[in-house]
Amino acid sequence: GALSSTKADLEALAVKCNPQIGYYDPLNLAEQDFWGLGNEATIGFLRQSEIKHGRIAMFAFVGYIVQSNIVFPWAQTLAGAAHPSPDLLPEAQWDAVPLGAKWQIFAVISALELWDECGGGGVMPHYTNGRQPGKYPAFDLFRDNVHPVLNLYDPFGFNNKMSDETKERRLVVELNNGRLAMLGIFGFLAADKVAGSVPALQNIASSYSGDVMIPFEGQFSYFNF
């Protein structure tokens with residue numbers, strides 16, 4: 001569970017994740033020195049980035065499926081407006097979300113990112129400086145001084161007695177699931193944007209005319225696009 005600080009560590013992890021493919025780094029990123037922080041810090045950054053993107057992709061993949069089939073029965077806004085209908089594509093549902101609600105979502109994301117970057121108020125080292133990649137800081141400092149809030153991971157402590165072997169196995173499973181989810185969610189997005197681009201989805205994909213890379217399209221832009 002410690003920081004994988006060498007290429008050899010990454011090669012060993014790659015075999016655990018997929019013995020058939022093994023280590024794959026065609027751009028030699030694991031040998032780089034980002035921002036002059038050193039190679040160990042670079043590997044810490046790369047591992048943290050992959051794990052974080054995998055987790056978000058898992059949320060996105062499941063969210064896409066849920067949004068395609070279910071609409072929440074409660075109001076979306078204080079004014080009583082309903083959630084967008086599942087008749088709309090998930091991408092179009094996001095476009096239909098009010099601007100204020102989007103800003104609230106991004107504000108929460110920014111706060112979570114800040115808490116991660118500062119190590120939970122300095123309780124944990126930065127992930128480029130020895131923290132286990134993917135380990136999100138607990139909210140103890142925030143909970144004790146600002147407002148009660150549950151931790152993101154294992155908020156009720158069910159996994160406190162989990163063995164190291166089980167933890168290691170589950171981390172490998174999470175890494176593999178995250179990689180698959182990244183492919184999955186971009187498969188959905190590509191199939192909706194470019195007809196026939198994902199043959200396995202061509203019978204269920206629907207055309208989307210917007211741009212998923214512009215989250216505030218038609219509502220807000222620093223560059224007035």
# chains A, B, ... in the order shown; residues from 1 in each chain; ligands from 1
>>> closest_atom_pairs(of="segment 85-137 of chain A", to="segment 205-222 of chain A", cutoff="12 Å", atoms="only C-alpha atoms", output="Markdown table")
| residue | atom | partner | partner_atom | distance |
| --- | --- | --- | --- | --- |
| A:Asp87 | CA | A:Ser206 | CA | 10.8 |
| A:Leu88 | CA | A:Ser206 | CA | 9.6 |
| A:Leu89 | CA | A:Ser206 | CA | 7.4 |
| A:Pro90 | CA | A:Tyr208 | CA | 9.6 |
| A:Glu91 | CA | A:Val212 | CA | 6.8 |
| A:Ala92 | CA | A:Tyr208 | CA | 7.4 |
| A:Gln93 | CA | A:Tyr208 | CA | 10.9 |
| A:Trp94 | CA | A:Pro215 | CA | 8.0 |
| A:Asp95 | CA | A:Glu217 | CA | 7.5 |
| A:Ala96 | CA | A:Phe216 | CA | 10.3 |
| A:Val97 | CA | A:Phe216 | CA | 9.8 |
| A:Pro98 | CA | A:Gln219 | CA | 9.0 |
| A:Leu99 | CA | A:Gln219 | CA | 6.7 |
| A:Gly100 | CA | A:Gln219 | CA | 10.2 |
| A:Ala101 | CA | A:Phe216 | CA | 11.2 |
| A:Lys102 | CA | A:Phe216 | CA | 8.1 |
| A:Trp103 | CA | A:Phe216 | CA | 9.5 |
| A:Ile105 | CA | A:Pro215 | CA | 11.5 |
| A:Phe106 | CA | A:Pro215 | CA | 10.3 |
>>> residues_around(residues="Phe34 of chain A", least_positions_apart="3", cutoff="12 Å", atoms="only C-alpha atoms", output="ChimeraX atom specification")
/A:29-31,37-46,128
>>> closest_residue(among="A:Gly122, A:Pro155, A:Pro73, A:Gly196", to="Pro86 of chain A", atoms="only C-alpha atoms")
A:Pro73
>>> residues_around(residues="segment 157-168 of chain A", least_positions_apart="3", cutoff="12 Å", atoms="only C-alpha atoms", output="mmCIF file with C-alpha atoms, in the first residue's frame")
data_model
loop_
_atom_site.group_PDB
_atom_site.id
_atom_site.type_symbol
_atom_site.label_atom_id
_atom_site.label_comp_id
_atom_site.auth_asym_id
_atom_site.auth_seq_id
_atom_site.Cartn_x
_atom_site.Cartn_y
_atom_site.Cartn_z
ATOM 1 C CA GLY A 1 0.000 0.000 0.000
ATOM 2 C CA ALA A 2 2.985 2.370 0.058
ATOM 3 C CA LEU A 13 1.600 -3.937 -10.188
ATOM 4 C CA LYS A 16 -1.176 -8.184 -10.905
ATOM 5 C CA CYS A 17 -3.688 -6.054 -12.825
ATOM 6 C CA GLN A 132 -0.512 6.152 -0.790
ATOM 7 C CA ALA A 138 -10.541 11.868 6.174
ATOM 8 C CA LEU A 150 -19.051 11.626 6.812
ATOM 9 C CA ASN A 151 -15.789 10.452 5.272
ATOM 10 C CA LEU A 152 -15.915 9.542 1.596
ATOM 11 C CA TYR A 153 -14.327 6.135 2.145
ATOM 12 C CA ASP A 154 -15.746 3.678 4.677
ATOM 13 C CA LEU A 171 -7.039 -1.997 -4.863
ATOM 14 C CA VAL A 172 -6.083 -4.039 -7.938
ATOM 15 C CA VAL A 173 -9.769 -4.718 -8.632
ATOM 16 C CA GLU A 174 -10.543 -1.015 -8.300
ATOM 17 C CA LEU A 175 -7.741 -0.100 -10.706
#
>>> residues_around(residues="segment 177-192 of chain A", least_positions_apart="5", cutoff="8 Å", atoms="only C-alpha atoms", output="VMD selection string")
chain A and resid 51 53 to 55 57 to 58 60 to 61 64 197 to 198 201 to 202 205 to 208 212
>>> select_by_dssp(residues="segment 21-55 of chain A", states="alpha helix (DSSP H)", output="number ranges by chain")
A: 39-55
>>> write_last_selection(atoms="C-alpha atoms", output="mmCIF file, in the first residue's frame")
data_model
loop_
_atom_site.group_PDB
_atom_site.id
_atom_site.type_symbol
_atom_site.label_atom_id
_atom_site.label_comp_id
_atom_site.auth_asym_id
_atom_site.auth_seq_id
_atom_site.Cartn_x
_atom_site.Cartn_y
_atom_site.Cartn_z
ATOM 1 C CA ASN A 39 10.839 10.590 -10.527
ATOM 2 C CA GLU A 40 9.220 9.212 -7.356
ATOM 3 C CA ALA A 41 6.937 12.250 -7.131
ATOM 4 C CA THR A 42 6.120 11.907 -10.829
ATOM 5 C CA ILE A 43 5.063 8.284 -10.360
ATOM 6 C CA GLY A 44 2.978 9.318 -7.365
ATOM 7 C CA PHE A 45 1.239 11.963 -9.470
ATOM 8 C CA LEU A 46 0.596 9.531 -12.340
ATOM 9 C CA ARG A 47 -0.814 6.839 -10.066
ATOM 10 C CA GLN A 48 -3.019 9.314 -8.204
ATOM 11 C CA SER A 49 -4.293 10.686 -11.515
ATOM 12 C CA GLU A 50 -5.163 7.269 -12.912
ATOM 13 C CA ILE A 51 -6.947 6.126 -9.765
ATOM 14 C CA LYS A 52 -8.905 9.395 -9.522
ATOM 15 C CA HIS A 53 -9.917 9.324 -13.181
ATOM 16 C CA GLY A 54 -10.948 5.683 -12.829
ATOM 17 C CA ARG A 55 -13.187 6.458 -9.868
#
>>> atom_distance(atom1="atom CA of Lys135 of chain A", atom2="atom CA of Pro148 of chain A")
20.7 Å
>>> atom_distance(atom1="atom CA of Val108 of chain A", atom2="atom CA of Pro133 of chain A")
21.6 Å
>>> decode(residues="segment 107-121 of chain A", atoms="all heavy atoms", output="tab-separated table (two decimals), in the first residue's frame")
chain	number	residue	atom	x	y	z
A	107	ALA	N	-18.61	23.67	-7.50
A	107	ALA	CA	-18.10	24.20	-6.23
A	107	ALA	C	-17.76	23.06	-5.27
A	107	ALA	O	-16.72	23.08	-4.60
A	107	ALA	CB	-19.12	25.14	-5.60
A	108	VAL	N	-18.64	22.06	-5.20
A	108	VAL	CA	-18.39	20.91	-4.33
A	108	VAL	C	-17.16	20.13	-4.82
A	108	VAL	O	-16.30	19.73	-4.03
A	108	VAL	CB	-19.62	19.98	-4.28
A	108	VAL	CG1	-19.29	18.68	-3.55
A	108	VAL	CG2	-20.78	20.69	-3.58
A	109	ILE	N	-17.07	19.93	-6.14
A	109	ILE	CA	-15.92	19.24	-6.71
A	109	ILE	C	-14.63	19.98	-6.37
A	109	ILE	O	-13.62	19.38	-5.98
A	109	ILE	CB	-16.07	19.10	-8.23
A	109	ILE	CG1	-17.22	18.15	-8.57
A	109	ILE	CG2	-14.76	18.60	-8.86
A	109	ILE	CD1	-17.56	18.09	-10.05
A	110	SER	N	-14.65	21.30	-6.50
A	110	SER	CA	-13.47	22.11	-6.20
A	110	SER	C	-13.07	21.99	-4.74
A	110	SER	O	-11.88	21.90	-4.41
A	110	SER	CB	-13.73	23.58	-6.56
A	110	SER	OG	-14.01	23.73	-7.94
A	111	ALA	N	-14.05	21.99	-3.84
A	111	ALA	CA	-13.77	21.86	-2.42
A	111	ALA	C	-13.15	20.50	-2.11
A	111	ALA	O	-12.20	20.39	-1.31
A	111	ALA	CB	-15.05	22.05	-1.61
A	112	LEU	N	-13.67	19.44	-2.73
A	112	LEU	CA	-13.11	18.11	-2.52
A	112	LEU	C	-11.69	18.02	-3.06
A	112	LEU	O	-10.82	17.38	-2.45
A	112	LEU	CB	-14.00	17.07	-3.20
A	112	LEU	CG	-15.39	16.86	-2.59
A	112	LEU	CD1	-16.22	15.91	-3.44
A	112	LEU	CD2	-15.28	16.34	-1.17
A	113	GLU	N	-11.44	18.65	-4.21
A	113	GLU	CA	-10.09	18.66	-4.78
A	113	GLU	C	-9.13	19.41	-3.85
A	113	GLU	O	-8.00	18.96	-3.64
A	113	GLU	CB	-10.12	19.33	-6.15
A	113	GLU	CG	-10.72	18.47	-7.24
A	113	GLU	CD	-9.78	17.32	-7.60
A	113	GLU	OE1	-8.61	17.57	-7.93
A	113	GLU	OE2	-10.22	16.16	-7.52
A	114	LEU	N	-9.57	20.52	-3.32
A	114	LEU	CA	-8.72	21.31	-2.42
A	114	LEU	C	-8.38	20.51	-1.16
A	114	LEU	O	-7.23	20.51	-0.70
A	114	LEU	CB	-9.43	22.62	-2.04
A	114	LEU	CG	-8.69	23.54	-1.07
A	114	LEU	CD1	-7.37	24.00	-1.69
A	114	LEU	CD2	-9.55	24.75	-0.71
A	115	TRP	N	-9.37	19.80	-0.61
A	115	TRP	CA	-9.13	18.99	0.59
A	115	TRP	C	-8.12	17.88	0.30
A	115	TRP	O	-7.27	17.56	1.12
A	115	TRP	CB	-10.45	18.40	1.08
A	115	TRP	CG	-10.38	17.81	2.45
A	115	TRP	CD1	-10.40	16.48	2.78
A	115	TRP	CD2	-10.29	18.52	3.69
A	115	TRP	NE1	-10.34	16.32	4.14
A	115	TRP	CE2	-10.27	17.55	4.72
A	115	TRP	CE3	-10.23	19.87	4.02
A	115	TRP	CZ2	-10.18	17.91	6.08
A	115	TRP	CZ3	-10.14	20.23	5.36
A	115	TRP	CH2	-10.12	19.25	6.36
A	116	ASP	N	-8.20	17.32	-0.90
A	116	ASP	CA	-7.27	16.28	-1.30
A	116	ASP	C	-5.86	16.85	-1.45
A	116	ASP	O	-4.88	16.27	-0.96
A	116	ASP	CB	-7.73	15.66	-2.63
A	116	ASP	CG	-6.91	14.45	-3.04
A	116	ASP	OD1	-6.29	13.82	-2.15
A	116	ASP	OD2	-6.89	14.12	-4.23
A	117	GLU	N	-5.76	18.00	-2.11
A	117	GLU	CA	-4.44	18.59	-2.37
A	117	GLU	C	-3.74	19.02	-1.08
A	117	GLU	O	-2.51	18.95	-0.99
A	117	GLU	CB	-4.58	19.79	-3.32
A	117	GLU	CG	-4.94	19.41	-4.74
A	117	GLU	CD	-3.85	18.60	-5.42
A	117	GLU	OE1	-2.66	18.90	-5.19
A	117	GLU	OE2	-4.19	17.67	-6.16
A	118	CYS	N	-4.51	19.47	-0.09
A	118	CYS	CA	-3.90	19.93	1.16
A	118	CYS	C	-3.77	18.81	2.19
A	118	CYS	O	-3.39	19.04	3.34
A	118	CYS	CB	-4.68	21.10	1.75
A	118	CYS	SG	-6.26	20.66	2.51
A	119	GLY	N	-4.09	17.58	1.77
A	119	GLY	CA	-3.92	16.43	2.67
A	119	GLY	C	-4.82	16.47	3.88
A	119	GLY	O	-4.43	16.08	4.98
A	120	GLY	N	-6.04	16.95	3.69
A	120	GLY	CA	-6.97	17.02	4.81
A	120	GLY	C	-6.54	18.01	5.87
A	120	GLY	O	-6.68	17.76	7.07
A	121	GLY	N	-6.01	19.16	5.41
A	121	GLY	CA	-5.55	20.16	6.37
A	121	GLY	C	-4.16	19.87	6.90
A	121	GLY	O	-3.83	20.27	8.01
